[in-house]
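S.K.: Here it is: the structure, laid out below.
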Amino acid sequence: MARNKLMSINEALDLINDGDEIAIGGMSFHRNPMSMAIAIVKSNKRDLALVDREPGLAFDLLTISGRVKRIRAAMVTFEHFGIAPGFRRMVEGGEVEFVEDVCEGVMAGLRAGAYGLPFMPSAIALDSDLVPLNVKRGIWKVTKDPFNDQELVVVKAIRPDVALVHVHKADERGDVEIYGPKYEDLLKIQAARKAIVTAEEIVSEDYFRDHPERLTIPGFMVTAVVHSPRGAWPTSMYGYYKADYEIIKKYFDSVKAGLSIEKVLEVFTHG
Amino acid sequence: MARNKLMSINEALDLINDGDEIAIGGMSFHRNPMSMAIAIVKSNKRDLALVDREPGLAFDLLTISGRVKRIRAAMVTFEHFGIAPGFRRMVEGGEVEFVEDVCEGVMAGLRAGAYGLPFMPSAIALDSDLVPLNVKRGIWKVTKDPFNDQELVVVKAIRPDVALVHVHKADERGDVEIYGPKYEDLLKIQAARKAIVTAEEIVSEDYFRDHPERLTIPGFMVTAVVHSPRGAWPTSMYGYYKADYEIIKKYFDSVKAGLSIEKVLEVFTHG
Amino acid sequence: MADMDNVIKCMARQLRDGDIAYTGLASVPAVLAVALARHWGVNTWFINVAEIYEPEDFIITPSSGDPYSLINGRGFVISLDAFDLARRGQLDVMFFSAAQVDRRGNMNLSVIGNYEKPRVRLPGGAAAAYLYRRARRIVMWLREHSRRTLVERVDFITAPGPTKQGPHLTICTPKAMLEFDHVSGELVLTGLFSGVNIDEVINNMAFKPRVREPLSMLEPVTDEELQFLGRLDPSGVRYL
Amino acid sequence: MADMDNVIKCMARQLRDGDIAYTGLASVPAVLAVALARHWGVNTWFINVAEIYEPEDFIITPSSGDPYSLINGRGFVISLDAFDLARRGQLDVMFFSAAQVDRRGNMNLSVIGNYEKPRVRLPGGAAAAYLYRRARRIVMWLREHSRRTLVERVDFITAPGPTKQGPHLTICTPKAMLEFDHVSGELVLTGLFSGVNIDEVINNMAFKPRVREPLSMLEPVTDEELQFLGRLDPSGVRYL
């Protein structure tokens, strides 16, 4: 019944404008939207901003692409490999602005954005040194609970222009199944003005009628569907494939060694 | 590994104290916790308060039980049968206090309760006549968005003492599956200090390991599990049985006719 | 053919391709309006209080929240998600009925008479105090076109009428169609069912609405449409 | 046997029957501590950033967020639910590490040096600015017991230390155990690994902690425990 949202990765790329704020799906080395991230790196987009809570490979790759001017996250780690290498290089070098948030702040901001509310109360500790910094940045405020006058931090709604999420299955209407861990991906899709999903499999009209309990995201929340088998690789896709830590380690070493973005991309083409 | 939470309906009843505020699961004539509601009617509990968004049969039955002094809801309807008969009789007669809320208020209050936040912003229309009433009752406040100074209604967290939810399957640890419509039942269970689930089926240890995608509520959120086959009857249990509208109509007519609670209960025993 | 079938057709006419529509409790006429529009080929997204997403077929029961009444859905979309969608400004159509609606479009689902000592305690407004303002378009049905339902001033404002910014409000009654006019801030008469006299419409309201010329002639339900509605609702819940 | 095995055992000792424990990213030692406590028969609930609820077994990879690393769970519990639980005051144990922790229990995961022009840009504190205060008990591990990590005043307060009201904070290092004392508002030395000299502990800290007598003797990991940890983490990610 609904409009066919199936498109190529280049058509989906056209939905992203210079200056857009982009929410990245997945977490750490898991279910990252790698195929879209690589497409953006190879595009001529400019002045992008990224937002995520605990981002990983896709976020770090975009950070060193030259297409991103600002990033916002609660922790940017390559876990037991070390601090995310592109993040460290670009932020220490002052080439990318880092808005240091906290899990509680990103979750609260995404909830407010997803729920169509202007802000969300939080339990952020008032005496963290991040409070004055993020109040100054205009994303947090210290205010009082109107019922008992106690001070608390409230977080302004995050409404990204675009969300990029890699999923297990989608139909051409945009109905989506994500199997297993979801992270904040549903909030990101709801909060964003446009949601681009890349899917391991495109399923027929009948799939969700036959398995209604598998619907994770209804089609009216989704702007574009791109068929992208192994689109999370080398990050993991639960139920389909594991993370390829050798490739991730190669990426880590290449960025740490200061290689150019073109050279770094070769890590993925020869994977 | 965890403590066995399986108990009889009478043991579960002991978890409810006089004066408790109870959140009722399900909606209208669907997945109501009927077996627990009937047990409470037959008990000697006193001064209970009920809260739900769009309650139905279980809520109305409790309202006429003489055990409830206050109810809070957004709409109390028997849908195409008419206004909920016990609600109308008890509220018009002044025997039960009715806190008239709205969907937006109950959802916001339950979200705040479930999220451990003191209050939640809302989109309640400022010029509804309900605003001054619920501000006076202390459950809403008119305040300003700290980011742009616009007025809005904020809702105080709802933290019921007990949530009663009927579910499809549970194991003795309290891990729960609800199939299909969920309403706000997850929020109710999270927001409540104690959660009592009645279950159509008790499943073995292995069930959720074999079907991890079927877990709706993890066991650490649940206080008690009661095996209660057909525990929602005569309301519907999606996937198991349909609503029995003849019995519901009999209930409606009995209450409208002013029958005693003992007579009304016979509707369910001879069903 | 009963009046409600015409009302349902008037409601169905308000739906357009691409709309995301939501129906609440005690709303069998709204479910049937969505079904009828889809039967005509209008391409809508349908979410509802029963939480069955995009049902393929319908078997009406006394509850519009009945998950067994909406057949073969594509999944479950909970009401929290639907309400969030509306708060983001993305819900196109919400259906309501009311015990009273007034000149300003204010609606009452709370009490008839005094709030503290009501003559009739109504069920409460459910989503109205929010969705009535936040959906893009409101389609309201009234079972009765009378001075009792179309009042000068509601006894209680459960939900305030639209503002100059929105939403669009259309009211379908057994006699006519009214719409909220964003310039005058009042309900205006915009349509009549064929065979209904304009004086009969206005004399049965407690306020005198302006008339937007030319009045559209509302088509009564056809035999085929009636048959369609009868197949979905053989026991006639829509007439209750 | 490396120092980290002892640290993991010290962490595991903090878990009790009935605890609900959560582990975050870059937290393989914390995952192994939960696994070790369960191996001893401690009956905990385990939720984690990988969102695999109550895994039956573990195969450590370089990511503690790896859903393939946590085997045969009973379902998926997302981090939002875990954080809500903590906000309600129901999360018993949260694990953290830090680049610096100071006398007052403040922790730093943001920068070494000046915030605007840092010498090292650290990854950020993730959940710390909230869970470090809202979990009931915090178990922290430090890979290094040194003047670099145990400082008089952190360069940046990513998360402030406990208050007199809570939470309980325990720090396990390769040499000793420190706990936050709610009366003095400072970290105190409460345990030593056998064979470690108290002066060696204190001389390797940038502040001089009070000592709570009698100091407990921390048991080093046994061969059997080491074998258990080695089976779960054969490539030694815990040592990275």
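Naming scheme: A, B, ... for chains in displayed order of the structure tokens; residues 1 onward per chain; ligands 1 onward as shown.
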Which polymer residues have any atom within 7 Å of an atom of segment 95-104 of chain D, counting only C-alpha atoms, with same-chain residues fewer than 4 positions away left out, as a list in words?
M.R.: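 Contacts, with the query itself left out: Thr23, Ala30, Asn108, Leu109, Ile138, Val139, Met140, Trp141, Leu142, Thr149, Leu150, Val151, Glu152, Arg153, Val154, Gly161, Gly185, Glu186, Leu187 and Phe207 of chain D.
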S.K.: Using N, CA, C and O atoms, can you write the selected residues to a file as a PDB file, in the first residue's frame?
M.R.:
ATOM      1  N   THR D  23      27.540  -4.385  33.697  1.00  0.00           N
ATOM      2  CA  THR D  23      28.890  -4.077  33.205  1.00  0.00           C
ATOM      3  C   THR D  23      28.787  -3.273  31.919  1.00  0.00           C
ATOM      4  O   THR D  23      27.910  -3.520  31.085  1.00  0.00           O
ATOM      5  N   ALA D  30      35.409  -6.632  34.513  1.00  0.00           N
ATOM      6  CA  ALA D  30      34.143  -6.665  35.238  1.00  0.00           C
ATOM      7  C   ALA D  30      33.298  -7.873  34.828  1.00  0.00           C
ATOM      8  O   ALA D  30      32.693  -8.543  35.672  1.00  0.00           O
ATOM      9  N   ASN D 108      38.055  10.519  37.012  1.00  0.00           N
ATOM     10  CA  ASN D 108      38.314  11.233  35.766  1.00  0.00           C
ATOM     11  C   ASN D 108      38.481  10.246  34.621  1.00  0.00           C
ATOM     12  O   ASN D 108      39.313   9.342  34.670  1.00  0.00           O
ATOM     13  N   LEU D 109      37.633  10.413  33.614  1.00  0.00           N
ATOM     14  CA  LEU D 109      37.762   9.660  32.361  1.00  0.00           C
ATOM     15  C   LEU D 109      37.709  10.621  31.182  1.00  0.00           C
ATOM     16  O   LEU D 109      37.409  10.226  30.058  1.00  0.00           O
ATOM     17  N   ILE D 138      29.528   0.733  44.036  1.00  0.00           N
ATOM     18  CA  ILE D 138      30.427   0.877  42.892  1.00  0.00           C
ATOM     19  C   ILE D 138      31.646   0.008  43.160  1.00  0.00           C
ATOM     20  O   ILE D 138      32.236   0.076  44.240  1.00  0.00           O
ATOM     21  N   VAL D 139      32.009  -0.785  42.158  1.00  0.00           N
ATOM     22  CA  VAL D 139      33.264  -1.543  42.240  1.00  0.00           C
ATOM     23  C   VAL D 139      34.163  -1.007  41.128  1.00  0.00           C
ATOM     24  O   VAL D 139      33.819  -1.079  39.949  1.00  0.00           O
ATOM     25  N   MET D 140      35.287  -0.440  41.543  1.00  0.00           N
ATOM     26  CA  MET D 140      36.208   0.139  40.567  1.00  0.00           C
ATOM     27  C   MET D 140      37.478  -0.682  40.506  1.00  0.00           C
ATOM     28  O   MET D 140      37.935  -1.196  41.527  1.00  0.00           O
ATOM     29  N   TRP D 141      37.981  -0.825  39.293  1.00  0.00           N
ATOM     30  CA  TRP D 141      39.289  -1.470  39.191  1.00  0.00           C
ATOM     31  C   TRP D 141      40.290  -0.498  38.579  1.00  0.00           C
ATOM     32  O   TRP D 141      39.934   0.354  37.764  1.00  0.00           O
ATOM     33  N   LEU D 142      41.541  -0.614  39.051  1.00  0.00           N
ATOM     34  CA  LEU D 142      42.661   0.146  38.485  1.00  0.00           C
ATOM     35  C   LEU D 142      43.722  -0.867  38.067  1.00  0.00           C
ATOM     36  O   LEU D 142      44.069  -1.762  38.837  1.00  0.00           O
ATOM     37  N   THR D 149      47.603   7.250  38.979  1.00  0.00           N
ATOM     38  CA  THR D 149      46.180   6.886  38.974  1.00  0.00           C
ATOM     39  C   THR D 149      45.491   7.281  40.280  1.00  0.00           C
ATOM     40  O   THR D 149      44.320   7.630  40.268  1.00  0.00           O
ATOM     41  N   LEU D 150      46.233   7.222  41.394  1.00  0.00           N
ATOM     42  CA  LEU D 150      45.653   7.557  42.704  1.00  0.00           C
ATOM     43  C   LEU D 150      46.165   8.932  43.102  1.00  0.00           C
ATOM     44  O   LEU D 150      47.222   9.059  43.723  1.00  0.00           O
ATOM     45  N   VAL D 151      45.423   9.955  42.710  1.00  0.00           N
ATOM     46  CA  VAL D 151      45.927  11.330  42.778  1.00  0.00           C
ATOM     47  C   VAL D 151      45.264  12.101  43.922  1.00  0.00           C
ATOM     48  O   VAL D 151      44.219  11.706  44.442  1.00  0.00           O
ATOM     49  N   GLU D 152      45.905  13.202  44.296  1.00  0.00           N
ATOM     50  CA  GLU D 152      45.332  14.057  45.340  1.00  0.00           C
ATOM     51  C   GLU D 152      44.044  14.705  44.829  1.00  0.00           C
ATOM     52  O   GLU D 152      43.026  14.755  45.534  1.00  0.00           O
ATOM     53  N   ARG D 153      44.075  15.197  43.572  1.00  0.00           N
ATOM     54  CA  ARG D 153      42.917  15.870  42.983  1.00  0.00           C
ATOM     55  C   ARG D 153      42.905  15.525  41.501  1.00  0.00           C
ATOM     56  O   ARG D 153      43.900  15.758  40.805  1.00  0.00           O
ATOM     57  N   VAL D 154      41.815  14.958  41.012  1.00  0.00           N
ATOM     58  CA  VAL D 154      41.743  14.605  39.585  1.00  0.00           C
ATOM     59  C   VAL D 154      41.855  15.869  38.725  1.00  0.00           C
ATOM     60  O   VAL D 154      41.461  16.961  39.156  1.00  0.00           O
ATOM     61  N   GLY D 161      32.759  11.937  43.502  1.00  0.00           N
ATOM     62  CA  GLY D 161      32.778  10.808  44.426  1.00  0.00           C
ATOM     63  C   GLY D 161      31.487  10.706  45.218  1.00  0.00           C
ATOM     64  O   GLY D 161      30.600  11.553  45.101  1.00  0.00           O
ATOM     65  N   GLY D 185      34.593  11.089  54.446  1.00  0.00           N
ATOM     66  CA  GLY D 185      34.426  11.554  53.063  1.00  0.00           C
ATOM     67  C   GLY D 185      35.670  11.331  52.218  1.00  0.00           C
ATOM     68  O   GLY D 185      35.897  12.023  51.232  1.00  0.00           O
ATOM     69  N   GLU D 186      36.486  10.327  52.610  1.00  0.00           N
ATOM     70  CA  GLU D 186      37.729  10.054  51.888  1.00  0.00           C
ATOM     71  C   GLU D 186      37.892   8.551  51.634  1.00  0.00           C
ATOM     72  O   GLU D 186      37.274   7.737  52.317  1.00  0.00           O
ATOM     73  N   LEU D 187      38.788   8.233  50.719  1.00  0.00           N
ATOM     74  CA  LEU D 187      39.142   6.830  50.505  1.00  0.00           C
ATOM     75  C   LEU D 187      40.024   6.369  51.656  1.00  0.00           C
ATOM     76  O   LEU D 187      40.934   7.097  52.075  1.00  0.00           O
ATOM     77  N   PHE D 207      48.267  10.570  47.469  1.00  0.00           N
ATOM     78  CA  PHE D 207      47.764  11.061  48.755  1.00  0.00           C
ATOM     79  C   PHE D 207      47.909   9.936  49.779  1.00  0.00           C
ATOM     80  O   PHE D 207      47.990   8.759  49.415  1.00  0.00           O
TER      81      PHE D 207
END
S.K.: Go through chain D residue by residue and, counting only C-alpha atoms, keep those with an atom at most 10 Å from chain B; for each kept residue give the shortest atom pair and its distance in Å to one decimal, ordered by chain and increasing number, as a tab-separated table.
M.R.:
residue	atom	partner	partner_atom	distance
D:Asp17	CA	B:Ala2	CA	8.8
D:Gly18	CA	B:Ala2	CA	7.2
D:Asp19	CA	B:Phe220	CA	9.6
D:Ile20	CA	B:Phe220	CA	7.7
D:Arg38	CA	B:Met1	CA	9.5
D:Gly41	CA	B:Met1	CA	9.0
D:Val42	CA	B:Met1	CA	8.9
D:Asn43	CA	B:Met1	CA	5.9
D:Thr44	CA	B:Ala2	CA	7.6
D:Trp45	CA	B:Phe220	CA	7.4
D:Phe46	CA	B:Phe220	CA	9.8
D:Ile47	CA	B:Pro218	CA	9.8
D:Ile52	CA	B:Pro212	CA	9.0
D:Tyr53	CA	B:Pro218	CA	8.1
D:Glu54	CA	B:Arg209	CA	9.2
D:Pro55	CA	B:Arg209	CA	8.8
D:Glu56	CA	B:Arg209	CA	8.8
D:Ile71	CA	B:Arg209	CA	9.8
D:Asn72	CA	B:Arg209	CA	6.1
D:Gly73	CA	B:Arg209	CA	5.7
D:Arg74	CA	B:Arg209	CA	4.4
D:Gly75	CA	B:Pro212	CA	3.8
D:Phe76	CA	B:Pro212	CA	6.7
D:Val77	CA	B:Pro218	CA	7.3
D:Leu80	CA	B:Tyr115	CA	8.9
D:Asp81	CA	B:Tyr115	CA	8.2
D:Ala82	CA	B:Tyr115	CA	9.8
D:Phe83	CA	B:Tyr115	CA	8.0
D:Asp84	CA	B:Tyr115	CA	4.6
D:Leu85	CA	B:Tyr115	CA	7.3
D:Ala86	CA	B:Gly116	CA	7.8
D:Arg87	CA	B:Gly116	CA	4.6
D:Arg88	CA	B:Gly116	CA	4.3
D:Gly89	CA	B:Gly116	CA	7.8
D:Gln90	CA	B:Met221	CA	9.4
S.K.: Could you save the residues just selected, with N, CA and C atoms, as a compact mmCIF listing (two decimals), in the first residue's frame?
M.R.:
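Written output follows (result.txt):
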# COMPACT_ATOMS: atom_id res chain seq x y z
N ASP D 17 24.84 -12.60 46.96
CA ASP D 17 23.60 -13.24 46.50
C ASP D 17 22.50 -12.19 46.30
N GLY D 18 21.80 -12.29 45.17
CA GLY D 18 20.66 -11.40 44.94
C GLY D 18 21.00 -10.11 44.25
N ASP D 19 22.30 -9.79 44.13
CA ASP D 19 22.70 -8.54 43.47
C ASP D 19 22.24 -8.49 42.02
N ILE D 20 21.84 -7.29 41.61
CA ILE D 20 21.69 -7.01 40.18
C ILE D 20 22.93 -6.21 39.79
N ARG D 38 29.90 -16.03 39.95
CA ARG D 38 28.91 -17.06 39.65
C ARG D 38 29.53 -18.45 39.72
N GLY D 41 29.39 -19.73 42.90
CA GLY D 41 28.02 -20.01 43.37
C GLY D 41 27.28 -18.79 43.87
N VAL D 42 27.85 -17.60 43.71
CA VAL D 42 27.13 -16.39 44.11
C VAL D 42 25.99 -16.17 43.09
N ASN D 43 24.82 -15.93 43.65
CA ASN D 43 23.60 -15.92 42.86
C ASN D 43 23.23 -14.48 42.46
N THR D 44 23.82 -14.00 41.36
CA THR D 44 23.58 -12.62 40.94
C THR D 44 22.70 -12.58 39.70
N TRP D 45 22.04 -11.45 39.51
CA TRP D 45 21.41 -11.14 38.22
C TRP D 45 22.44 -10.37 37.41
N PHE D 46 22.58 -10.71 36.13
CA PHE D 46 23.62 -10.05 35.33
C PHE D 46 23.02 -9.40 34.08
N ILE D 47 23.12 -8.08 34.02
CA ILE D 47 22.75 -7.32 32.82
C ILE D 47 23.96 -6.52 32.38
N ILE D 52 22.74 -8.71 26.54
CA ILE D 52 22.42 -10.14 26.65
C ILE D 52 22.16 -10.41 28.13
N TYR D 53 20.92 -10.77 28.42
CA TYR D 53 20.47 -10.95 29.80
C TYR D 53 20.81 -12.35 30.30
N GLU D 54 21.48 -12.42 31.44
CA GLU D 54 21.74 -13.68 32.12
C GLU D 54 22.41 -14.72 31.21
N PRO D 55 23.57 -14.36 30.64
CA PRO D 55 24.26 -15.36 29.80
C PRO D 55 24.67 -16.57 30.63
N GLU D 56 24.76 -17.70 29.94
CA GLU D 56 25.11 -18.95 30.61
C GLU D 56 26.62 -19.15 30.59
N ILE D 71 27.06 -15.87 26.05
CA ILE D 71 26.47 -17.01 25.35
C ILE D 71 25.18 -17.46 26.01
N ASN D 72 24.18 -17.71 25.15
CA ASN D 72 22.98 -18.42 25.61
C ASN D 72 22.24 -17.65 26.72
N GLY D 73 21.94 -16.39 26.43
CA GLY D 73 21.20 -15.56 27.39
C GLY D 73 19.74 -15.96 27.49
N ARG D 74 19.09 -15.37 28.49
CA ARG D 74 17.65 -15.60 28.67
C ARG D 74 16.82 -14.53 28.01
N GLY D 75 17.44 -13.67 27.23
CA GLY D 75 16.68 -12.60 26.58
C GLY D 75 17.59 -11.42 26.35
N PHE D 76 16.97 -10.29 25.98
CA PHE D 76 17.72 -9.07 25.72
C PHE D 76 17.17 -8.00 26.65
N VAL D 77 18.02 -7.43 27.46
CA VAL D 77 17.61 -6.31 28.31
C VAL D 77 18.45 -5.12 27.90
N LEU D 80 18.90 1.09 28.26
CA LEU D 80 17.92 2.06 28.78
C LEU D 80 17.19 1.49 29.99
N ASP D 81 16.79 0.22 29.92
CA ASP D 81 16.10 -0.41 31.05
C ASP D 81 17.02 -0.52 32.27
N ALA D 82 18.28 -0.83 32.02
CA ALA D 82 19.24 -0.97 33.12
C ALA D 82 19.45 0.38 33.79
N PHE D 83 19.53 1.44 33.00
CA PHE D 83 19.76 2.77 33.55
C PHE D 83 18.52 3.24 34.31
N ASP D 84 17.34 2.89 33.81
CA ASP D 84 16.11 3.25 34.52
C ASP D 84 16.08 2.56 35.89
N LEU D 85 16.49 1.31 35.90
CA LEU D 85 16.57 0.55 37.14
C LEU D 85 17.47 1.28 38.15
N ALA D 86 18.59 1.76 37.67
CA ALA D 86 19.52 2.47 38.57
C ALA D 86 18.90 3.76 39.07
N ARG D 87 18.22 4.47 38.18
CA ARG D 87 17.59 5.73 38.61
C ARG D 87 16.54 5.48 39.67
N ARG D 88 15.90 4.32 39.62
CA ARG D 88 14.93 3.95 40.67
C ARG D 88 15.62 3.45 41.94
N GLY D 89 16.96 3.40 41.92
CA GLY D 89 17.69 2.98 43.11
C GLY D 89 17.79 1.48 43.27
N GLN D 90 17.59 0.72 42.17
CA GLN D 90 17.53 -0.73 42.29
C GLN D 90 18.72 -1.47 41.66
S.K.: I'd like the neighbourhood of Asp5 of chain C as a ChimeraX atom specification, where a residue qualifies if any of its atoms comes within 8 Å (using only C-alpha atoms), though same-chain residues fewer than 6 positions away should be ignored.
M.R.: /C:221,226,229
S.K.: If we count only C-alpha atoms, what is near Ser110 of chain D at a cut-off of 12 Å, once residues fewer than 3 positions away on the same chain are taken out, given as JSON, numbers by chain?
M.R.: {"A": [73, 74, 75, 76, 77, 83, 88, 98, 99, 100, 101, 102, 128, 129, 130], "D": [98, 99, 100, 101, 107, 113, 114, 115, 116, 117, 118, 119, 120, 121, 122, 123, 124, 125, 126, 128, 129, 154, 155, 156, 157, 158, 159]}
S.K.: Contacts from chain B to chain A, 10 Å maximum, only C-alpha atoms: show me the residue list as JSON, numbers by chain.
M.R.: {"B": [112, 115, 116, 117, 118, 119, 120, 121, 122, 123, 138, 139, 140, 141, 142, 143, 144, 145, 146, 147, 148, 150, 152, 154, 155, 156, 179, 180, 181, 212, 213, 214]}
S.K.: Any chance you could export the current selection's C-alpha atoms as a compact mmCIF listing (two decimals), in the first residue's frame?
M.R.:
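Writing done, so here's result.txt:
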# COMPACT_ATOMS: atom_id res chain seq x y z
CA ALA B 112 8.62 9.32 35.18
CA TYR B 115 12.48 5.99 34.66
CA GLY B 116 13.14 6.97 38.27
CA LEU B 117 12.66 10.65 37.44
CA PRO B 118 10.70 13.04 39.67
CA PHE B 119 8.47 14.37 36.88
CA MET B 120 7.94 14.33 33.13
CA PRO B 121 7.15 17.16 30.71
CA SER B 122 3.92 16.76 28.75
CA ALA B 123 1.93 18.19 25.86
CA GLY B 138 -0.84 18.19 43.28
CA ILE B 139 -0.27 15.79 40.37
CA TRP B 140 0.42 18.42 37.67
CA LYS B 141 2.25 21.73 37.66
CA VAL B 142 2.35 24.51 35.11
CA THR B 143 5.97 25.49 34.66
CA LYS B 144 8.32 26.91 32.04
CA ASP B 145 10.60 25.11 29.63
CA PRO B 146 14.00 26.22 30.97
CA PHE B 147 15.41 26.46 27.43
CA ASN B 148 12.81 28.73 25.84
CA GLN B 150 7.38 28.48 27.10
CA LEU B 152 3.94 23.61 29.77
CA VAL B 154 4.67 18.73 33.92
CA VAL B 155 3.37 15.56 35.56
CA LYS B 156 4.59 14.16 38.87
CA TYR B 179 2.58 -11.66 23.35
CA GLY B 180 1.09 -8.88 21.23
CA PRO B 181 -0.36 -5.67 22.66
CA PRO B 212 15.44 -15.18 24.08
CA GLU B 213 13.51 -12.86 21.74
CA ARG B 214 10.32 -13.69 23.65
S.K.: Using Å and a single decimal, report how far atom CA of Phe193 of chain C sits from atom CA of Ala206 of chain C.
M.R.: 19.7 Å
